[in-house]
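Visitor: upload_15.csv is reproduced in full below (CSV, C-alpha atoms).
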```
chain,number,residue,atom,x,y,z
M,9,ALA,CA,5.2,7.2,1.5
M,10,GLN,CA,8.1,9.2,0.2
M,11,THR,CA,8.6,12.7,1.6
M,12,VAL,CA,10.9,15.4,0.6
M,13,THR,CA,11.7,18.2,3.1
M,14,GLN,CA,13.2,21.6,2.3
M,15,SER,CA,13.5,23.4,5.7
M,16,GLN,CA,14.6,26.7,4.3
M,17,PRO,CA,11.6,28.6,2.7
M,18,GLU,CA,13.8,31.5,1.8
M,19,MET,CA,17.5,32.1,1.3
M,20,SER,CA,19.5,35.1,0.1
M,21,VAL,CA,23.0,35.4,-1.2
M,22,GLN,CA,25.3,38.2,-2.4
M,23,GLU,CA,26.2,38.1,-6.0
M,24,ALA,CA,29.4,36.1,-6.6
M,25,GLU,CA,29.1,34.4,-3.2
M,26,THR,CA,28.3,30.7,-2.5
M,27,VAL,CA,25.0,29.4,-1.0
M,28,THR,CA,23.8,26.0,0.0
M,29,LEU,CA,20.2,24.8,-0.1
M,30,SER,CA,19.2,21.9,2.0
M,31,CYS,CA,17.0,18.9,1.3
M,32,THR,CA,16.3,15.7,3.2
M,33,TYR,CA,14.1,12.8,2.1
M,34,ASP,CA,12.6,9.8,3.5
M,35,THR,CA,12.6,6.4,1.7
M,36,SER,CA,13.1,2.7,2.3
M,37,GLU,CA,14.2,2.2,-1.3
M,38,SER,CA,17.8,1.7,-2.2
M,39,ASP,CA,17.5,2.5,-5.9
M,40,TYR,CA,16.3,6.0,-6.6
M,41,TYR,CA,17.1,9.3,-8.2
M,42,LEU,CA,17.3,12.9,-6.8
M,43,PHE,CA,17.0,16.1,-8.7
M,44,TRP,CA,17.1,19.8,-8.2
M,45,TYR,CA,14.9,22.0,-10.4
M,46,LYS,CA,14.6,25.8,-10.5
M,47,GLN,CA,11.5,27.7,-11.2
M,48,PRO,CA,12.0,31.4,-12.1
M,49,PRO,CA,9.1,33.8,-12.1
M,50,SER,CA,8.2,32.6,-15.6
M,51,ARG,CA,7.1,29.3,-13.9
M,52,GLN,CA,9.1,27.2,-16.3
M,53,MET,CA,10.7,24.3,-14.3
M,54,ILE,CA,14.3,23.9,-15.3
M,55,LEU,CA,16.6,21.0,-14.4
M,56,VAL,CA,19.6,22.0,-12.4
M,57,ILE,CA,21.2,18.8,-11.5
M,58,ARG,CA,20.5,15.1,-10.9
M,59,GLN,CA,22.0,12.4,-8.8
M,60,GLU,CA,21.6,8.6,-9.0
M,61,ALA,CA,21.6,7.0,-5.6
M,62,TYR,CA,23.9,4.2,-6.7
M,63,LYS,CA,26.6,6.7,-7.6
M,64,GLN,CA,28.8,7.6,-4.7
M,65,GLN,CA,30.4,10.6,-6.5
M,66,ASN,CA,28.5,13.8,-6.0
M,67,ALA,CA,27.1,15.3,-9.2
M,68,THR,CA,28.5,18.6,-10.6
M,69,GLU,CA,27.2,20.9,-13.3
M,70,ASN,CA,29.3,24.0,-13.8
M,71,ARG,CA,28.6,26.3,-10.8
M,72,PHE,CA,26.2,23.8,-9.3
M,73,SER,CA,27.2,20.8,-7.2
M,74,VAL,CA,25.5,18.5,-4.7
M,75,ASN,CA,26.4,17.0,-1.4
M,76,PHE,CA,24.7,13.6,-1.4
M,77,GLN,CA,24.8,11.8,1.9
M,78,LYS,CA,22.9,8.6,1.3
M,79,ALA,CA,22.9,7.3,4.9
M,80,ALA,CA,21.7,10.6,6.2
M,81,LYS,CA,19.2,10.9,3.4
M,82,SER,CA,20.4,14.4,2.6
M,83,PHE,CA,20.8,16.1,-0.7
M,84,SER,CA,22.0,19.7,-0.6
M,85,LEU,CA,22.7,22.0,-3.5
M,86,LYS,CA,25.6,24.3,-3.6
M,87,ILE,CA,25.6,27.3,-5.9
M,88,SER,CA,29.0,28.9,-6.4
M,89,ASP,CA,29.7,32.4,-7.8
M,90,SER,CA,26.0,33.2,-7.6
M,91,GLN,CA,24.5,35.3,-10.4
M,92,LEU,CA,21.4,37.4,-10.6
M,93,GLY,CA,19.9,34.9,-13.0
M,94,ASP,CA,20.1,32.2,-10.2
M,95,ALA,CA,17.2,34.0,-8.4
M,96,ALA,CA,14.3,31.5,-8.5
M,97,MET,CA,12.4,29.0,-6.4
M,98,TYR,CA,14.4,25.8,-6.1
M,99,PHE,CA,12.8,22.4,-5.7
M,100,CYS,CA,14.3,19.2,-4.6
M,101,ALA,CA,12.7,16.1,-6.1
M,102,TYR,CA,12.9,12.3,-5.4
M,103,SER,CA,11.9,9.5,-7.7
M,104,ARG,CA,12.0,5.7,-7.2
M,105,ASN,CA,13.5,3.8,-10.0
M,106,THR,CA,10.0,2.4,-11.0
M,107,GLY,CA,8.6,5.2,-13.2
M,108,ASN,CA,8.6,8.9,-13.5
M,109,GLN,CA,6.6,9.8,-10.4
M,110,PHE,CA,8.5,12.6,-8.7
M,111,TYR,CA,7.9,13.8,-5.2
M,112,PHE,CA,8.8,17.4,-4.7
M,113,GLY,CA,9.7,19.4,-1.6
M,114,THR,CA,8.0,22.7,-0.8
M,115,GLY,CA,10.8,24.8,-2.4
M,116,THR,CA,13.3,27.4,-1.3
M,117,SER,CA,13.0,30.9,-2.7
M,118,LEU,CA,16.5,32.2,-3.5
M,119,THR,CA,17.2,35.9,-3.7
M,120,VAL,CA,20.5,37.1,-5.2
M,121,ILE,CA,21.5,40.5,-3.9
M,122,PRO,CA,23.6,42.7,-6.3
A,4,LYS,CA,14.8,20.0,-30.4
A,5,ALA,CA,11.6,21.9,-29.5
A,6,GLY,CA,10.7,21.7,-25.8
A,7,VAL,CA,7.5,20.5,-24.2
A,8,THR,CA,4.5,22.5,-25.3
A,9,GLN,CA,1.3,22.9,-23.5
A,10,THR,CA,-2.0,24.4,-24.7
A,11,PRO,CA,-3.8,26.4,-23.7
A,12,ARG,CA,-1.5,28.5,-21.5
A,13,TYR,CA,-4.4,30.1,-19.7
A,14,LEU,CA,-7.9,29.0,-19.1
A,15,ILE,CA,-10.9,30.3,-17.1
A,16,LYS,CA,-13.8,28.0,-16.4
A,17,THR,CA,-16.7,28.0,-14.0
A,18,ARG,CA,-17.6,25.4,-11.4
A,19,GLY,CA,-19.2,22.3,-12.7
A,20,GLN,CA,-17.6,22.6,-16.2
A,21,GLN,CA,-15.0,20.2,-17.6
A,22,VAL,CA,-11.7,21.0,-19.1
A,23,THR,CA,-9.1,19.4,-21.3
A,24,LEU,CA,-5.5,20.3,-21.3
A,25,SER,CA,-3.0,19.2,-24.0
A,26,CYS,CA,0.7,18.4,-23.9
A,27,SER,CA,3.1,17.7,-26.7
A,28,PRO,CA,6.4,16.1,-25.5
A,29,ILE,CA,9.9,16.6,-26.8
A,30,SER,CA,10.3,14.6,-30.0
A,31,GLY,CA,11.2,11.0,-29.2
A,32,HIS,CA,10.1,11.1,-25.6
A,33,ARG,CA,7.5,8.4,-24.7
A,34,SER,CA,6.9,9.2,-21.1
A,35,VAL,CA,4.6,12.0,-20.1
A,36,SER,CA,3.8,13.0,-16.6
A,37,TRP,CA,1.3,15.6,-15.2
A,38,TYR,CA,1.6,17.6,-12.0
A,39,GLN,CA,-0.6,20.1,-10.3
A,40,GLN,CA,1.0,23.1,-8.6
A,41,THR,CA,-0.8,25.2,-6.0
A,42,PRO,CA,0.4,27.6,-3.3
A,43,GLY,CA,-1.2,25.4,-0.6
A,44,GLN,CA,-0.3,21.9,-1.7
A,45,GLY,CA,2.8,22.5,-3.8
A,46,LEU,CA,3.7,20.2,-6.6
A,47,GLN,CA,1.7,17.1,-6.7
A,48,PHE,CA,1.9,14.2,-9.1
A,49,LEU,CA,-1.2,13.4,-11.1
A,50,PHE,CA,-0.3,10.5,-13.4
A,51,GLU,CA,2.3,9.2,-15.8
A,52,TYR,CA,1.8,7.7,-19.3
A,53,PHE,CA,4.3,5.6,-21.1
A,54,SER,CA,3.6,4.2,-24.6
A,55,GLU,CA,-0.2,5.0,-24.3
A,56,THR,CA,-0.5,3.2,-20.9
A,57,GLN,CA,-1.0,4.8,-17.6
A,58,ARG,CA,1.9,3.5,-15.5
A,59,ASN,CA,1.6,5.5,-12.3
A,60,LYS,CA,-1.2,7.5,-10.7
A,61,GLY,CA,-1.2,10.0,-7.9
A,62,ASN,CA,-3.8,10.5,-5.2
A,63,PHE,CA,-6.4,12.5,-7.0
A,64,PRO,CA,-10.1,11.9,-7.4
A,65,GLY,CA,-11.5,10.1,-10.5
A,66,ARG,CA,-12.5,13.5,-11.9
A,67,PHE,CA,-8.9,13.8,-13.0
A,68,SER,CA,-8.1,11.6,-16.0
A,69,GLY,CA,-5.7,11.4,-18.8
A,70,ARG,CA,-4.7,9.6,-21.9
A,71,GLN,CA,-1.8,9.4,-24.3
A,72,PHE,CA,-1.9,9.0,-28.0
A,73,SER,CA,0.3,7.0,-30.3
A,74,ASN,CA,2.4,10.0,-31.1
A,75,SER,CA,3.1,10.4,-27.4
A,76,ARG,CA,1.0,13.6,-27.1
A,77,SER,CA,-1.1,13.6,-23.9
A,78,GLU,CA,-4.3,15.1,-22.7
A,79,MET,CA,-5.6,15.5,-19.2
A,80,ASN,CA,-9.2,16.0,-18.4
A,81,VAL,CA,-10.9,17.4,-15.3
A,82,SER,CA,-14.6,17.0,-15.0
A,83,THR,CA,-17.0,18.8,-12.7
A,84,LEU,CA,-14.6,21.5,-11.9
A,85,GLU,CA,-14.3,22.7,-8.3
A,86,LEU,CA,-12.8,26.0,-7.0
A,87,GLY,CA,-9.9,24.0,-5.6
A,88,ASP,CA,-8.9,22.8,-9.0
A,89,SER,CA,-7.5,26.3,-9.8
A,90,ALA,CA,-3.8,25.6,-10.3
A,91,LEU,CA,-0.9,25.6,-12.6
A,92,TYR,CA,-0.8,22.2,-14.4
A,93,LEU,CA,2.6,21.1,-15.5
A,94,CYS,CA,3.4,18.5,-18.1
A,95,ALA,CA,6.8,16.8,-18.3
A,96,SER,CA,8.3,14.5,-20.8
A,97,SER,CA,11.2,12.1,-20.4
A,98,PRO,CA,13.5,10.2,-22.7
A,99,LEU,CA,12.8,7.1,-20.5
A,100,ARG,CA,13.0,4.0,-22.8
A,101,SER,CA,11.4,1.4,-20.7
A,102,GLY,CA,11.3,0.8,-17.0
A,103,GLY,CA,13.0,2.9,-14.3
A,104,THR,CA,13.0,6.6,-14.1
A,105,ASP,CA,14.8,9.5,-15.9
A,106,THR,CA,15.0,13.2,-16.0
A,107,GLN,CA,11.8,15.0,-16.7
A,108,TYR,CA,11.7,18.1,-18.9
A,109,PHE,CA,8.8,20.4,-18.1
A,110,GLY,CA,6.5,22.5,-20.2
A,111,PRO,CA,5.5,26.1,-19.4
A,112,GLY,CA,2.3,25.0,-17.8
A,113,THR,CA,-1.4,25.7,-18.2
A,114,ARG,CA,-2.9,28.2,-15.6
A,115,LEU,CA,-6.4,27.1,-14.9
A,116,THR,CA,-8.7,29.4,-13.0
A,117,VAL,CA,-12.1,28.1,-11.8
A,118,LEU,CA,-14.7,30.7,-10.9
```
Show how you would write the structure in this file as structure tokens.
Guide:
Amino acid sequence: AQTVTQSQPEMSVQEAETVTLSCTYDTSESDYYLFWYKQPPSRQMILVIRQEAYKQQNATENRFSVNFQKAAKSFSLKISDSQLGDAAMYFCAYSRNTGNQFYFGTGTSLTVIP
Amino acid sequence: KAGVTQTPRYLIKTRGQQVTLSCSPISGHRSVSWYQQTPGQGLQFLFEYFSETQRNKGNFPGRFSGRQFSNSRSEMNVSTLELGDSALYLCASSPLRSGGTDTQYFGPGTRLTVL
């Protein structure tokens, strides 16, 4: 079974600083997708970034970027120039390329300190 | 485009009752998935529907069922409710066209409380 592990239950960062959230996953598949979602107090899950396993280049979306290490099965999220609106629970998710069945980690609660 | 909508947003039921939750996907999306979120178990996959067919199913008892209509709207039903079914139920739709996987866009959720 696929498992996704987020080893940091809570993280904090000063406004305008950079923070990295960790995620590791376990799979025997070679074709899969990885995602980071954020869930603010409203509970609305919002896509942050996605990475296709077949792409060697790390995905980037504005202030958000990932460090995808396929051999190490690691998928960390870097948030640059942190803003107060980045405060949320962040979930790492994995999906095989055989249908939309996502496996989520337990989440990392990010606090942004003004 | 309008986002994923879920109704109702809040629901209170008693043990033994049944409940039906509804999800309207983003226009044009044919894949709809359902997830249960609880403090203890986190986010768990329930099932996915694509073009009215259940394509994937998570590890939940048969009390949990779903269906998808020709307009891609989906419903999930939970029969004989138990206290442990209290959770936030999230629906997600995807622009997936056929096989494979794609980004899922989530609705605001339905908060179910079982008393």
Visitor: Find the residues around segment 30-32 of chain A up to 10 Å (only C-alpha atoms counted), leave out those fewer than 6 positions away in its own chain, and share them as a PyMOL selection string.
Guide: chain A and resi 4-7+53-54+74-76+95-100+107-108
Visitor: Show me, as a PyMOL selection string, the residues of chain A whose atoms get within 12 Å of chain M, using only C-alpha atoms for the distance check.
Guide: chain A and resi 6-9+12+33-53+57-62+91-114
Visitor: Please compute the atom CA of Val74 of chain M-atom CA of Met97 of chain M distance, one decimal, in Å.
Guide: 16.9 Å
Visitor: Taking 3 positions as the minimum chain separation for residues in the same chain, which residues sit within 9 Å of segment 86-88 of chain M when counting only C-alpha atoms? Answer as a ChimeraX atom specification.
Guide: /M:24-30,70-75,91,94
Visitor: Find, counting only C-alpha atoms, the residue in M:Thr13, M:Ser84, M:Ser20, M:Thr32 that gets nearest to Pro122 of chain M.
Guide: M:Ser20
Visitor: Rounded to one decimal place, report the atom CA of Glu18 of chain M-atom CA of Val120 of chain M distance in Å.
Guide: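 Here the two named atoms are 11.2 Å from each other.
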Visitor: How many Å lie between atom CA of Val12 of chain M and atom CA of Ala79 of chain M, rounded to one decimal?
Guide: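 Atom CA of Val12 of chain M sits 15.1 Å away from atom CA of Ala79 of chain M.
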Visitor: Which residue out of M:Tyr102, M:Ala80, M:Thr119, M:Ala96 has the minimum interatomic distance to Gln47 of chain M when only C-alpha atoms are used?
Guide: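 Smallest distance to Gln47 of chain M is found for M:Ala96.
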Visitor: If you count only C-alpha atoms, which residues fall within 7 Å of Leu86 of chain A, apart from same-chain ones fewer than 2 positions away, as a PyMOL selection string?
Guide: chain A and resi 18+84+88-89+117-118
Visitor: Just write the chosen residues, C-alpha atoms, as a PDB file, in the coordinates of the input.
Guide:
```
ATOM      1  CA  ARG A  18     -17.600  25.400 -11.400  1.00  0.00           C
ATOM      2  CA  LEU A  84     -14.600  21.500 -11.900  1.00  0.00           C
ATOM      3  CA  ASP A  88      -8.900  22.800  -9.000  1.00  0.00           C
ATOM      4  CA  SER A  89      -7.500  26.300  -9.800  1.00  0.00           C
ATOM      5  CA  VAL A 117     -12.100  28.100 -11.800  1.00  0.00           C
ATOM      6  CA  LEU A 118     -14.700  30.700 -10.900  1.00  0.00           C
TER       7      LEU A 118
END
```
Visitor: Do you know which residues are at most 9 Å from Leu24 of chain A counting all atoms listed in the file, after dropping those on the same chain fewer than 3 positions away, and could you put them as a ChimeraX atom specification?
Guide: /A:9-11,77-81,92,113
Visitor: Considering only C-alpha atoms, can you say which of A:Gly65, A:Thr116, A:Gly87, A:Ser82 comes closest to Gly19 of chain A?
Guide: A:Ser82
Visitor: Would you mind putting N, CA, C and O atoms back on segment 43-60 of chain M and writing the result as a JSON list (two decimals), in the coordinates of the input?
Guide:
```json
[["chain", "number", "residue", "atom", "x", "y", "z"],
["M", 43, "PHE", "N", 16.83, 15.03, -7.72],
["M", 43, "PHE", "CA", 17.00, 16.10, -8.70],
["M", 43, "PHE", "C", 16.82, 17.46, -7.95],
["M", 43, "PHE", "O", 16.17, 17.56, -6.91],
["M", 44, "TRP", "N", 17.43, 18.46, -8.52],
["M", 44, "TRP", "CA", 17.10, 19.80, -8.20],
["M", 44, "TRP", "C", 16.63, 20.53, -9.44],
["M", 44, "TRP", "O", 17.25, 20.44, -10.51],
["M", 45, "TYR", "N", 15.48, 21.21, -9.28],
["M", 45, "TYR", "CA", 14.90, 22.00, -10.40],
["M", 45, "TYR", "C", 14.80, 23.45, -9.86],
["M", 45, "TYR", "O", 14.62, 23.70, -8.67],
["M", 46, "LYS", "N", 14.91, 24.39, -10.78],
["M", 46, "LYS", "CA", 14.60, 25.80, -10.50],
["M", 46, "LYS", "C", 13.42, 26.24, -11.23],
["M", 46, "LYS", "O", 13.16, 25.80, -12.36],
["M", 47, "GLN", "N", 12.67, 27.13, -10.58],
["M", 47, "GLN", "CA", 11.50, 27.70, -11.20],
["M", 47, "GLN", "C", 11.52, 29.20, -11.07],
["M", 47, "GLN", "O", 11.20, 29.75, -10.03],
["M", 48, "PRO", "N", 11.95, 29.90, -12.11],
["M", 48, "PRO", "CA", 12.00, 31.40, -12.10],
["M", 48, "PRO", "C", 10.58, 31.92, -12.15],
["M", 48, "PRO", "O", 9.61, 31.14, -12.29],
["M", 49, "PRO", "N", 10.41, 33.23, -12.09],
["M", 49, "PRO", "CA", 9.10, 33.80, -12.10],
["M", 49, "PRO", "C", 8.26, 33.42, -13.37],
["M", 49, "PRO", "O", 7.04, 33.45, -13.33],
["M", 50, "SER", "N", 8.90, 33.02, -14.44],
["M", 50, "SER", "CA", 8.20, 32.60, -15.60],
["M", 50, "SER", "C", 7.42, 31.25, -15.37],
["M", 50, "SER", "O", 6.57, 30.85, -16.18],
["M", 51, "ARG", "N", 7.75, 30.58, -14.27],
["M", 51, "ARG", "CA", 7.10, 29.30, -13.90],
["M", 51, "ARG", "C", 7.61, 28.10, -14.65],
["M", 51, "ARG", "O", 7.15, 27.00, -14.43],
["M", 52, "GLN", "N", 8.56, 28.30, -15.53],
["M", 52, "GLN", "CA", 9.10, 27.20, -16.30],
["M", 52, "GLN", "C", 10.09, 26.41, -15.39],
["M", 52, "GLN", "O", 11.07, 26.96, -14.91],
["M", 53, "MET", "N", 9.81, 25.14, -15.17],
["M", 53, "MET", "CA", 10.70, 24.30, -14.30],
["M", 53, "MET", "C", 11.91, 23.91, -15.17],
["M", 53, "MET", "O", 11.78, 23.34, -16.27],
["M", 54, "ILE", "N", 13.09, 24.15, -14.61],
["M", 54, "ILE", "CA", 14.30, 23.90, -15.30],
["M", 54, "ILE", "C", 15.20, 22.96, -14.50],
["M", 54, "ILE", "O", 15.43, 23.21, -13.31],
["M", 55, "LEU", "N", 15.69, 21.90, -15.13],
["M", 55, "LEU", "CA", 16.60, 21.00, -14.40],
["M", 55, "LEU", "C", 17.88, 21.67, -14.09],
["M", 55, "LEU", "O", 18.50, 22.29, -14.94],
["M", 56, "VAL", "N", 18.31, 21.51, -12.85],
["M", 56, "VAL", "CA", 19.60, 22.00, -12.40],
["M", 56, "VAL", "C", 20.63, 20.93, -12.39],
["M", 56, "VAL", "O", 21.73, 21.05, -12.97],
["M", 57, "ILE", "N", 20.29, 19.83, -11.71],
["M", 57, "ILE", "CA", 21.20, 18.80, -11.50],
["M", 57, "ILE", "C", 20.52, 17.51, -11.10],
["M", 57, "ILE", "O", 19.41, 17.59, -10.55],
["M", 58, "ARG", "N", 21.10, 16.34, -11.37],
["M", 58, "ARG", "CA", 20.50, 15.10, -10.90],
["M", 58, "ARG", "C", 21.57, 14.18, -10.35],
["M", 58, "ARG", "O", 22.76, 14.28, -10.69],
["M", 59, "GLN", "N", 21.11, 13.29, -9.47],
["M", 59, "GLN", "CA", 22.00, 12.40, -8.80],
["M", 59, "GLN", "C", 21.37, 10.98, -8.74],
["M", 59, "GLN", "O", 20.23, 10.86, -8.29],
["M", 60, "GLU", "N", 22.09, 9.97, -9.19],
["M", 60, "GLU", "CA", 21.60, 8.60, -9.00],
["M", 60, "GLU", "C", 22.08, 8.07, -7.70],
["M", 60, "GLU", "O", 23.26, 8.23, -7.35]]
```
